[in-house]
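Encoded as structure tokens, the structure appears first; notes follow it.
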Amino acid sequence: MAFVVPPWEKGAEVIQFKPVPGANNGTAASKAKAKKLKKKKPKKLKKSEGEKSTQPKNTTYRLGQGPLAPPPDSNSSDDEADDEMRAMHKVRSGRIEKQRPPAKAAKDQKKQLTLKPALVQAAVEAMDTTHAPATQATLANKLQSELLGGRFRYINEQLYTMNSKKAEELFRSDADAFEAYHAGYRQQVEKWPSNPLTRIIKTIKRLPKTAVIGDFGCGEGKLAQSVPNKVYSMDLVSTGNGIIACNITNTPLQPQSLDVAVYCLSLMGTNLSDYLLEANRVLKLHGNVYIAEIQSRFEDVREFMRCMNACGFDLIKKDVAVNYFYFFHFRKMRHVGKDVKLKPFSLKPCLYRKR
């Protein structure tokens, strides 16, 4: 029903309404209801995920302050309780931190040095006094071997990068250099898959026993000791009886006095044409030349054969399929004087690396 305001003229009249039964009771009930609603607390809204906590993050706590703080001489158990309360507060405030281990435990957890079994064994042997002489002897032998190998590599490099005349002067000025060189050479031979001199010896044994051999760069003269033939062993330095000390570019042999010339790992130096012209001088016509050299020294095998041909030798057979070494068999087909002008040639140096 719409509420109608009476006209102004009738505003002075007092309109009295009749009392409604139970009006007082209704008023009391409404008051009670209003009071109940007033007492009811409004529900708190949940915080959204985007809202930030009002709790300060960097909250610090100082022990020993406040009305309930323990006295300065409190026991360690009180300190442990304070640590537990601090940890509980960090969990409630959303900050969970990893506790640091004690200083002693942290030291124990440090990464320990791990040693290889070989090093451990060496350390035990070093501390063991019963094996001290043997260990010292082994160390001394190892150091001596390394020094010997280093000197061999140095002399070897000199021989490959100088002519035969300078190599002769080198060994003449240092009497021990030749022995040191061949001592290191013997060590290198032990590391090779095979010794090329062994194959040369087998080849010579198939020749007639009357064949006269010239071993150019003989070293210790093993070829003469291994075959029944007459062998002229020649090198820059004589290391025993029967070895002729000379420059193999100018030997004391008579012209055309040899049936075979052997160069087993001895084509060293930068003047190889002088070596081969001397072989042509002392070899008989149709005499044989056997050469064994390290494979890595050859850049172009055909160029090497052309140089041999210029010195009066034709190729009979070559074996370049053998691992590590090349073997050649040449034959003297014509005389070539030492005064002929030839293009100088040499092979690549064979420089041994430290192992």
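Ligands are numbered from 1 in the order shown, chains are lettered A, B, ... in the order of the structure tokens, and residues start at 1 in each chain.
Within the 7 Å cut-off around His286 in chain A, using only C-alpha atoms and omitting residues fewer than 5 positions from it on the same chain, the listed residues are Arg331, Lys332 and Met333 of chain A.
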Query - Shell of 7 Å around range 157-164 of chain A, only C-alpha atoms, local chain residues under 5 positions omitted, as a PyMOL selection string - result: chain A and resi 247+268-271+349+351
Those residues with N, CA and C atoms, as a PDB file, in the first residue's frame please?
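File written: result.pdb
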```
ATOM      1  N   ASN A 247     134.268 -40.634 -42.636  1.00  0.00           N
ATOM      2  CA  ASN A 247     133.082 -40.002 -43.197  1.00  0.00           C
ATOM      3  C   ASN A 247     132.638 -40.860 -44.377  1.00  0.00           C
ATOM      4  N   MET A 268     121.389 -40.211 -43.177  1.00  0.00           N
ATOM      5  CA  MET A 268     121.146 -39.023 -42.355  1.00  0.00           C
ATOM      6  C   MET A 268     121.946 -37.863 -42.945  1.00  0.00           C
ATOM      7  N   GLY A 269     121.520 -36.659 -42.622  1.00  0.00           N
ATOM      8  CA  GLY A 269     122.230 -35.487 -43.098  1.00  0.00           C
ATOM      9  C   GLY A 269     121.535 -34.853 -44.295  1.00  0.00           C
ATOM     10  N   THR A 270     122.113 -33.763 -44.739  1.00  0.00           N
ATOM     11  CA  THR A 270     121.498 -32.972 -45.826  1.00  0.00           C
ATOM     12  C   THR A 270     122.203 -33.152 -47.159  1.00  0.00           C
ATOM     13  N   ASN A 271     123.236 -34.000 -47.223  1.00  0.00           N
ATOM     14  CA  ASN A 271     123.987 -34.198 -48.472  1.00  0.00           C
ATOM     15  C   ASN A 271     123.958 -35.662 -48.890  1.00  0.00           C
ATOM     16  N   PRO A 349     113.725 -35.125 -41.715  1.00  0.00           N
ATOM     17  CA  PRO A 349     114.325 -35.562 -40.451  1.00  0.00           C
ATOM     18  C   PRO A 349     113.362 -36.454 -39.665  1.00  0.00           C
ATOM     19  N   LEU A 351     112.564 -37.037 -36.110  1.00  0.00           N
ATOM     20  CA  LEU A 351     112.765 -36.489 -34.765  1.00  0.00           C
ATOM     21  C   LEU A 351     111.904 -37.258 -33.785  1.00  0.00           C
TER      22      LEU A 351
END
```
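Coordinates place CA of Asp235 in chain A at a distance of 16.8 Å from CA of Gln254 in chain A.
Closest approach to Asn309 in chain A among A:Ile294, A:Ile213, A:Cys246, A:Leu276 is made by A:Leu276 (distances from only C-alpha atoms).
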Query raised in the report: Which distance in Å separates CA of Gly312 in chain A and CA of Pro252 in chain A, to one decimal?
Result: 20.8 Å
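When CA of Lys209 in chain A is paired with CA of Pro228 in chain A, their separation reads 6.4 Å.
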Query raised in the report: Which neighbours of Gln256 in chain A fall inside 9 Å, counting only C-alpha atoms, when residues of the same chain fewer than 2 positions from it are skipped, and could you give them as a VMD selection string?
Result: chain A and resid 253 to 254 258 to 259 280 to 285 287
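Candidate residues A:Val231, A:Leu197, A:Val189, A:Ala183 were compared for distance to Ala211 in chain A, and the nearest is A:Val231, using only C-alpha atoms.
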Query raised in the report: Got a sec: who's within 12 Å of Thr198 in chain A, counting only C-alpha atoms, leaving out chain neighbours fewer than 6 positions off, as a list in words?
Result: Val189, Ile204, Lys205, Lys222, Leu223, Ser226, Val227, Cys264 and Ala292 of chain A
Report task. Tell me, as number ranges by chain, which residues lie within 9 Å of Leu342 in chain A, counting only C-alpha atoms; anything in the same chain fewer than 5 positions away does not count. Result -> A: 273, 307, 310-311
Report task. Apply DSSP to the structure's backbone, then extract all residues of range 182-332 of chain A labelled strand (DSSP E) and return them as a VMD selection string. Result -> chain A and resid 212 to 216 230 to 235 243 to 245 258 to 264 283 to 294 313 to 319 325 to 332
Requested in this report: Rank nothing, just name the residue among A:Leu267, A:Ile201, A:Ala261, A:Cys218 nearest to Ile243 in chain A, using only C-alpha atoms.
Outcome: A:Cys218
Report task. Tell me which of A:Tyr326, A:Tyr290, A:Tyr154, A:Tyr185 sits closest to Thr203 in chain A, counting only C-alpha atoms. Result -> A:Tyr290
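Around range 313-323 of chain A, within 8 Å and counting only C-alpha atoms, the residues found are Gln295, Met305, Met308, Phe328, His329, Phe330, Arg331, Lys332, Met333 and Arg334 of chain A, once anything fewer than 5 positions away on its own chain is removed.
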